[in-house]
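What follows is one structure encoded as structure tokens, with my remarks underneath.
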Amino acid sequence: MKLARYIHSENEQLGVVDSDRVFPIPDSIFCGSMPTLLSQYSQLKPALENLTQHTSDSISLQEVQLLAPIPQPEKFIGVGLNYADHIAETGLKEPEFPTLFNKQSSCIAHPDAPVYRPHISDKLDYEGELALVIGQYCRNISVEDAPRAIAGFTIVNDVSVRDWQVKSPTWTLGKSFDSHGPMGPWIVTADSLDPHNLDLKTWVNNELRQHSNTRHLIFNCYQLVATLSAVCTLKPGDVIATGTCSGVGVKMKPRGYMKPGDRVTIEIEGIGQLSNPIEQEPEHNSFISPNPMS
């Protein structure tokens with residue numbers, strides 16, 4: 001099942017996506033946030049499935065604005081060096097333990113929203129990734145139990161500013177610029193696909209840059225969840241981007257960095273496509289305000 005967050009007629013809603021239609025979830029079935037919906041999915045599944053039998057209540061996907069399915073996860077965690085071919089192109093050794101880092105939740109961007117190239121760097125790179133979304137509170141769980149904690153899967157572009165990524169021993173700064181965490185187009189529930197056999201492709205404009213399969217993950221989704229749960233309580237709505245394969249721009253000759261006017265599209269089998277245009281950061285982007293700035 002595909003669960004989406006979207007805007008229609010100026011109202012933010014949750015819905016079930018089926019083919020090219022979205023079926024709004026009425027308050028009589030569920031009223032709350034996406035993380036809460038995920039935590040209650042097993043109980044709500046029959047009612048959600050029944051929604052798709054009533055086409056008259058559906059909306060064309062072309063009439064809605066899709067939003068990042070998890071707007072502000074408490075934890076947005078990235079994984080580095082998790083495909084052997086990507087490790088080979090970096091010249092680094094295969095890790096014996098997952099390479100984990102934080103992306104700040106303020107970097108999240110909606111499907112089709114601009115990814116901004118910052119004024120302070122032109123080394124803007126893409127990383128097409130499968131991301132898992134936690135659906136249950138969990139701590140100190142085994143690899144075998146980890147599937148029960150995962151609600152579903154989505155696509156993340158782990159946009160990276162390469163020079164800022166290496167300014168400190170941790171990668172957080174280079175991974176957390178505003179707009180540098182596109183996510184979507186929806187969440188595919190964990191009962192709908194095998195996360196470890198999905199084709200993954202990334203295009204910059206019409207050029208295929210990345211092509212691999214999630215079966216090549218060094219540390220799979222369940223191992224990552226078990227590892228993180230040994231340290232901290234994972235909560236519904238936490239997002240873990242599982243790493244990227246070879247083909248990143250920084251390793252191309254000449255460098256294949258993204259620039260204004262480009263469009264980056266990531267496709268993962270069984271999920272769909274996440275596509276975002278690249279724009280230059282607005283000239284006047286400095287503020288102190290009591291309210292969020294868009």
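Identifiers in this document derive from the order of the structure tokens: chains are assigned A, B, ..., residues are numbered from 1 separately in each chain, and ligands are numbered from 1 in order of occurrence.
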All residues 12 Å or closer to Leu37 of chain A, only C-alpha atoms, same chain fewer than 3 positions away omitted, as a VMD selection string: chain A and resid 3 to 5 14 to 16 25 27 29 to 34 40 to 45 48 69 to 70 134 to 136 151 to 152 187 189 236 to 237
Using only C-alpha atoms, please write the residues we just selected to a file, as a tab-separated table (two decimals), in the first residue's frame.
chain	number	residue	atom	x	y	z
A	3	LEU	CA	0.51	6.16	1.86
A	4	ALA	CA	0.89	9.79	0.82
A	5	ARG	CA	0.81	13.25	2.35
A	14	LEU	CA	-3.24	11.89	4.11
A	15	GLY	CA	-4.33	9.39	1.49
A	16	VAL	CA	-3.90	5.99	-0.10
A	25	ILE	CA	-8.40	9.06	4.42
A	27	ASP	CA	-11.49	11.43	9.81
A	29	ILE	CA	-11.07	6.15	9.79
A	30	PHE	CA	-8.07	8.11	11.02
A	31	CYS	CA	-7.28	11.66	12.11
A	32	GLY	CA	-3.66	12.37	12.90
A	33	SER	CA	-0.12	12.51	11.58
A	34	MET	CA	1.70	10.18	9.22
A	40	GLN	CA	-1.50	2.00	13.74
A	41	TYR	CA	-1.28	0.60	10.22
A	42	SER	CA	-1.90	-3.04	11.08
A	43	GLN	CA	-5.22	-2.18	12.75
A	44	LEU	CA	-6.24	0.30	10.06
A	45	LYS	CA	-5.20	-1.77	7.04
A	48	LEU	CA	-7.62	1.64	4.22
A	69	PRO	CA	5.71	11.87	3.65
A	70	ILE	CA	7.54	12.55	6.93
A	134	ILE	CA	10.17	3.25	11.48
A	135	GLY	CA	6.62	2.35	12.51
A	136	GLN	CA	6.97	1.15	16.10
A	151	ALA	CA	6.49	0.60	8.63
A	152	GLY	CA	7.60	1.09	5.06
A	187	ILE	CA	5.66	5.53	1.71
A	189	THR	CA	4.23	-0.20	3.39
A	236	PRO	CA	7.47	6.03	14.51
A	237	GLY	CA	8.43	8.39	11.72
So that I can check the surroundings of segment 59-63 of chain A, please list as an NGL selection string every protein, DNA and RNA residue that reaches within 8 Å of it, counting only C-alpha atoms and ignoring chain neighbours fewer than 6 positions away. :A and (8 or 20-24)
Show which residues sit within 10 Å of Ile218 of chain A, as a PDB file with N, CA and C atoms, in the first residue's frame. Count only C-alpha atoms, and ignore same-chain residues fewer than 2 positions away.
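The file below, result-v3.pdb, is the result:
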ATOM      1  N   LEU A  81      28.905   4.615   2.717  1.00  0.00           N
ATOM      2  CA  LEU A  81      29.752   3.474   2.338  1.00  0.00           C
ATOM      3  C   LEU A  81      29.029   2.145   2.547  1.00  0.00           C
ATOM      4  N   ASN A  82      27.840   2.026   1.942  1.00  0.00           N
ATOM      5  CA  ASN A  82      27.032   0.827   2.168  1.00  0.00           C
ATOM      6  C   ASN A  82      26.797   0.015   0.901  1.00  0.00           C
ATOM      7  N   TYR A  83      27.453   0.390  -0.197  1.00  0.00           N
ATOM      8  CA  TYR A  83      27.479  -0.410  -1.419  1.00  0.00           C
ATOM      9  C   TYR A  83      28.940  -0.615  -1.806  1.00  0.00           C
ATOM     10  N   ALA A  84      29.311  -1.840  -2.144  1.00  0.00           N
ATOM     11  CA  ALA A  84      30.710  -2.139  -2.459  1.00  0.00           C
ATOM     12  C   ALA A  84      31.210  -1.329  -3.645  1.00  0.00           C
ATOM     13  N   GLU A  94      36.144  -1.247   2.890  1.00  0.00           N
ATOM     14  CA  GLU A  94      34.800  -1.637   3.293  1.00  0.00           C
ATOM     15  C   GLU A  94      34.710  -1.635   4.812  1.00  0.00           C
ATOM     16  N   PRO A  95      33.732  -0.940   5.386  1.00  0.00           N
ATOM     17  CA  PRO A  95      33.657  -0.836   6.851  1.00  0.00           C
ATOM     18  C   PRO A  95      33.214  -2.145   7.495  1.00  0.00           C
ATOM     19  N   GLU A  96      33.684  -2.362   8.710  1.00  0.00           N
ATOM     20  CA  GLU A  96      33.242  -3.520   9.487  1.00  0.00           C
ATOM     21  C   GLU A  96      32.003  -3.199  10.315  1.00  0.00           C
ATOM     22  N   PHE A  97      31.657  -1.910  10.366  1.00  0.00           N
ATOM     23  CA  PHE A  97      30.520  -1.436  11.152  1.00  0.00           C
ATOM     24  C   PHE A  97      29.863  -0.325  10.346  1.00  0.00           C
ATOM     25  N   PRO A  98      28.544  -0.187  10.384  1.00  0.00           N
ATOM     26  CA  PRO A  98      27.880   0.847   9.585  1.00  0.00           C
ATOM     27  C   PRO A  98      28.419   2.249   9.860  1.00  0.00           C
ATOM     28  N   THR A 214      19.223  -2.985  -4.469  1.00  0.00           N
ATOM     29  CA  THR A 214      19.391  -2.973  -3.014  1.00  0.00           C
ATOM     30  C   THR A 214      19.878  -4.311  -2.454  1.00  0.00           C
ATOM     31  N   ARG A 215      19.915  -5.344  -3.268  1.00  0.00           N
ATOM     32  CA  ARG A 215      20.502  -6.604  -2.786  1.00  0.00           C
ATOM     33  C   ARG A 215      22.002  -6.458  -2.539  1.00  0.00           C
ATOM     34  N   HIS A 216      22.587  -5.372  -3.047  1.00  0.00           N
ATOM     35  CA  HIS A 216      24.023  -5.140  -2.876  1.00  0.00           C
ATOM     36  C   HIS A 216      24.343  -4.322  -1.623  1.00  0.00           C
ATOM     37  N   ASN A 220      22.174  -4.512   5.594  1.00  0.00           N
ATOM     38  CA  ASN A 220      20.809  -4.397   5.097  1.00  0.00           C
ATOM     39  C   ASN A 220      19.916  -3.623   6.072  1.00  0.00           C
ATOM     40  N   CYS A 221      18.676  -3.430   5.664  1.00  0.00           N
ATOM     41  CA  CYS A 221      17.760  -2.600   6.457  1.00  0.00           C
ATOM     42  C   CYS A 221      17.604  -3.120   7.878  1.00  0.00           C
ATOM     43  N   GLN A 223      19.676  -5.023   9.653  1.00  0.00           N
ATOM     44  CA  GLN A 223      20.907  -4.844  10.420  1.00  0.00           C
ATOM     45  C   GLN A 223      21.053  -3.398  10.888  1.00  0.00           C
ATOM     46  N   THR A 242      19.500   4.458   3.488  1.00  0.00           N
ATOM     47  CA  THR A 242      20.365   3.285   3.622  1.00  0.00           C
ATOM     48  C   THR A 242      21.680   3.352   2.858  1.00  0.00           C
ATOM     49  N   GLY A 243      21.947   4.447   2.156  1.00  0.00           N
ATOM     50  CA  GLY A 243      23.223   4.577   1.468  1.00  0.00           C
ATOM     51  C   GLY A 243      23.059   4.572  -0.042  1.00  0.00           C
TER      52      GLY A 243
END
As a PyMOL selection string, list the residues of segment 90-212 of chain A assigned to strand (DSSP E or B) by DSSP on the backbone atoms of this structure. chain A and resi 99-102+108-109+115-117+124-125+128-134+138+150-157+160-161+181-189+199-204+207-212
List as a PDB file with N, CA and C atoms, in the first residue's frame the protein and nucleic acid residues near Ser121 of chain A, meaning an atom at most 12 Å away when only C-alpha atoms are counted, but skip any in the same chain fewer than 6 places from it.
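Below is the file that was written, out38.pdb:
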ATOM      1  N   SER A 160      24.450  16.193  -1.109  1.00  0.00           N
ATOM      2  CA  SER A 160      25.695  16.382  -0.360  1.00  0.00           C
ATOM      3  C   SER A 160      26.496  17.538  -0.938  1.00  0.00           C
ATOM      4  N   VAL A 161      26.936  18.433  -0.059  1.00  0.00           N
ATOM      5  CA  VAL A 161      27.853  19.508  -0.455  1.00  0.00           C
ATOM      6  C   VAL A 161      29.246  19.005  -0.111  1.00  0.00           C
ATOM      7  N   ARG A 162      29.987  18.571  -1.122  1.00  0.00           N
ATOM      8  CA  ARG A 162      31.157  17.740  -0.889  1.00  0.00           C
ATOM      9  C   ARG A 162      32.274  18.437  -0.112  1.00  0.00           C
ATOM     10  N   ASP A 163      32.517  19.721  -0.362  1.00  0.00           N
ATOM     11  CA  ASP A 163      33.600  20.371   0.386  1.00  0.00           C
ATOM     12  C   ASP A 163      33.205  20.583   1.848  1.00  0.00           C
ATOM     13  N   TRP A 164      31.943  20.874   2.104  1.00  0.00           N
ATOM     14  CA  TRP A 164      31.495  21.017   3.491  1.00  0.00           C
ATOM     15  C   TRP A 164      31.389  19.660   4.189  1.00  0.00           C
ATOM     16  N   GLN A 165      31.218  18.607   3.437  1.00  0.00           N
ATOM     17  CA  GLN A 165      31.137  17.268   4.025  1.00  0.00           C
ATOM     18  C   GLN A 165      32.441  16.879   4.720  1.00  0.00           C
ATOM     19  N   GLY A 174      27.839  18.885   5.689  1.00  0.00           N
ATOM     20  CA  GLY A 174      27.719  18.739   4.244  1.00  0.00           C
ATOM     21  C   GLY A 174      26.479  18.000   3.796  1.00  0.00           C
ATOM     22  N   PHE A 177      22.296  20.980   4.483  1.00  0.00           N
ATOM     23  CA  PHE A 177      21.839  22.275   3.982  1.00  0.00           C
ATOM     24  C   PHE A 177      20.330  22.225   3.737  1.00  0.00           C
ATOM     25  N   TYR A 257      28.911  17.539 -10.854  1.00  0.00           N
ATOM     26  CA  TYR A 257      28.090  18.207  -9.846  1.00  0.00           C
ATOM     27  C   TYR A 257      26.812  18.772 -10.457  1.00  0.00           C
ATOM     28  N   MET A 258      25.783  18.874  -9.624  1.00  0.00           N
ATOM     29  CA  MET A 258      24.521  19.447 -10.063  1.00  0.00           C
ATOM     30  C   MET A 258      24.636  20.964 -10.141  1.00  0.00           C
ATOM     31  N   LYS A 259      23.904  21.543 -11.075  1.00  0.00           N
ATOM     32  CA  LYS A 259      23.931  22.992 -11.259  1.00  0.00           C
ATOM     33  C   LYS A 259      22.519  23.487 -11.550  1.00  0.00           C
ATOM     34  N   GLN A 280      19.556  27.969  -8.008  1.00  0.00           N
ATOM     35  CA  GLN A 280      20.515  28.696  -7.187  1.00  0.00           C
ATOM     36  C   GLN A 280      19.809  29.219  -5.934  1.00  0.00           C
ATOM     37  N   GLU A 281      20.487  29.142  -4.811  1.00  0.00           N
ATOM     38  CA  GLU A 281      19.935  29.688  -3.572  1.00  0.00           C
ATOM     39  C   GLU A 281      19.535  31.147  -3.778  1.00  0.00           C
TER      40      GLU A 281
END
